[in-house]
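Asker: Submitted below is the structure of interest, expressed as structure tokens.
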Amino acid sequence: MSIVCCPQGVKIPRVFELMNYHQVYGLTEYAREEYKKLLTGTKGEYGPEKCIECGGCETKCPQKIEIIRQLKESQKALA
Ligand code: SF4
């Protein structure tokens, strides 16, 4: 999977990785703890809260993933 850059600093691959921990492996508490770190913006990397729905990532995504929708679902599950 290619890295899709977000002008807002949303770390999309990390958010999806954490959702896998939650959904696939049932490591929900771990995923939520790691998600909290994204809220602090450490290293200029943020969670879905910073998304302004510009659509840039979806345009660039070769797999045509509905990133905005999935970010919202991640926020609901992990925030
Ligand atoms: S839609 Fe959201 S996550 Fe995607 S590039 Fe724009 S601000 Fe970043």
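Residues in the structure tokens are numbered from 1 in each chain, the chains being A, B, ... in the order shown, and ligands are numbered from 1 in the order shown.
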Around ligand 1, out to 10 Å and counting only C-alpha atoms and all ligand atoms, which residues are there? I want them as JSON, numbers by chain.
Answerer: {"A": [4, 5, 6, 7, 8, 9, 10, 11, 12, 46, 47, 48, 49, 50, 51, 52, 53, 54, 55, 56, 57, 58, 59, 60, 61, 66, 67, 68, 69, 70, 71, 72]}
Asker: Would you write out those residues with C-alpha atoms, as a JSON list (two decimals), in the first residue's frame?
Answerer:
[["chain", "number", "residue", "atom", "x", "y", "z"],
["A", 4, "VAL", "CA", -1.00, 8.84, 0.96],
["A", 5, "CYS", "CA", 0.05, 12.26, 2.26],
["A", 6, "CYS", "CA", -2.48, 14.47, 3.99],
["A", 7, "PRO", "CA", -1.99, 18.25, 4.10],
["A", 8, "GLN", "CA", -3.61, 18.27, 7.54],
["A", 9, "GLY", "CA", -1.15, 15.73, 8.91],
["A", 10, "VAL", "CA", -3.71, 12.97, 9.40],
["A", 11, "LYS", "CA", -1.73, 9.76, 9.69],
["A", 12, "ILE", "CA", -4.09, 7.66, 7.65],
["A", 46, "TYR", "CA", -2.72, 13.64, 13.80],
["A", 47, "GLY", "CA", -5.84, 11.53, 13.98],
["A", 48, "PRO", "CA", -9.10, 11.82, 12.03],
["A", 49, "GLU", "CA", -10.18, 14.86, 14.05],
["A", 50, "LYS", "CA", -8.00, 17.05, 11.82],
["A", 51, "CYS", "CA", -9.61, 15.85, 8.59],
["A", 52, "ILE", "CA", -11.30, 18.67, 6.67],
["A", 53, "GLU", "CA", -12.70, 16.26, 4.05],
["A", 54, "CYS", "CA", -10.77, 17.86, 1.19],
["A", 55, "GLY", "CA", -10.80, 14.52, -0.63],
["A", 56, "GLY", "CA", -7.15, 14.72, -1.68],
["A", 57, "CYS", "CA", -6.26, 11.34, -0.23],
["A", 58, "GLU", "CA", -9.16, 9.59, -1.93],
["A", 59, "THR", "CA", -8.18, 11.07, -5.30],
["A", 60, "LYS", "CA", -4.64, 9.71, -4.91],
["A", 61, "CYS", "CA", -5.56, 6.32, -3.47],
["A", 66, "GLU", "CA", -13.36, 5.46, 1.01],
["A", 67, "ILE", "CA", -10.84, 7.03, 3.35],
["A", 68, "ILE", "CA", -13.01, 9.82, 4.72],
["A", 69, "ARG", "CA", -15.79, 7.42, 5.67],
["A", 70, "GLN", "CA", -13.34, 4.99, 7.23],
["A", 71, "LEU", "CA", -11.65, 7.76, 9.20],
["A", 72, "LYS", "CA", -15.03, 8.73, 10.65]]
Asker: Please run DSSP on the backbone and report, as a PyMOL selection string, all residues within chain A that come out as helix (DSSP H, G or I).
Answerer: chain A and resi 12-23+28-39+42-44+48-50+56-60+67-78
Asker: Which residue, A:Arg32, A:Leu38, A:Ile65, A:Ala79, has the smallest gap to A:Arg14 when you use only C-alpha atoms?
Answerer: A:Leu38
Asker: Give me, please, the distance in Å between atom CA of A:Glu17 and atom CA of A:Leu78, quoted to one decimal.
Answerer: 11.8 Å
Asker: Record the distance separating atom CA of A:Glu45 and atom CA of A:Glu29, expressed in Å with one decimal.
Answerer: 20.7 Å
Asker: In Å, with one decimal, what is the gap from atom CA of A:Tyr35 to atom CA of A:Leu18?
Answerer: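 Atom CA of A:Leu18 lies 7.2 Å from atom CA of A:Tyr35.
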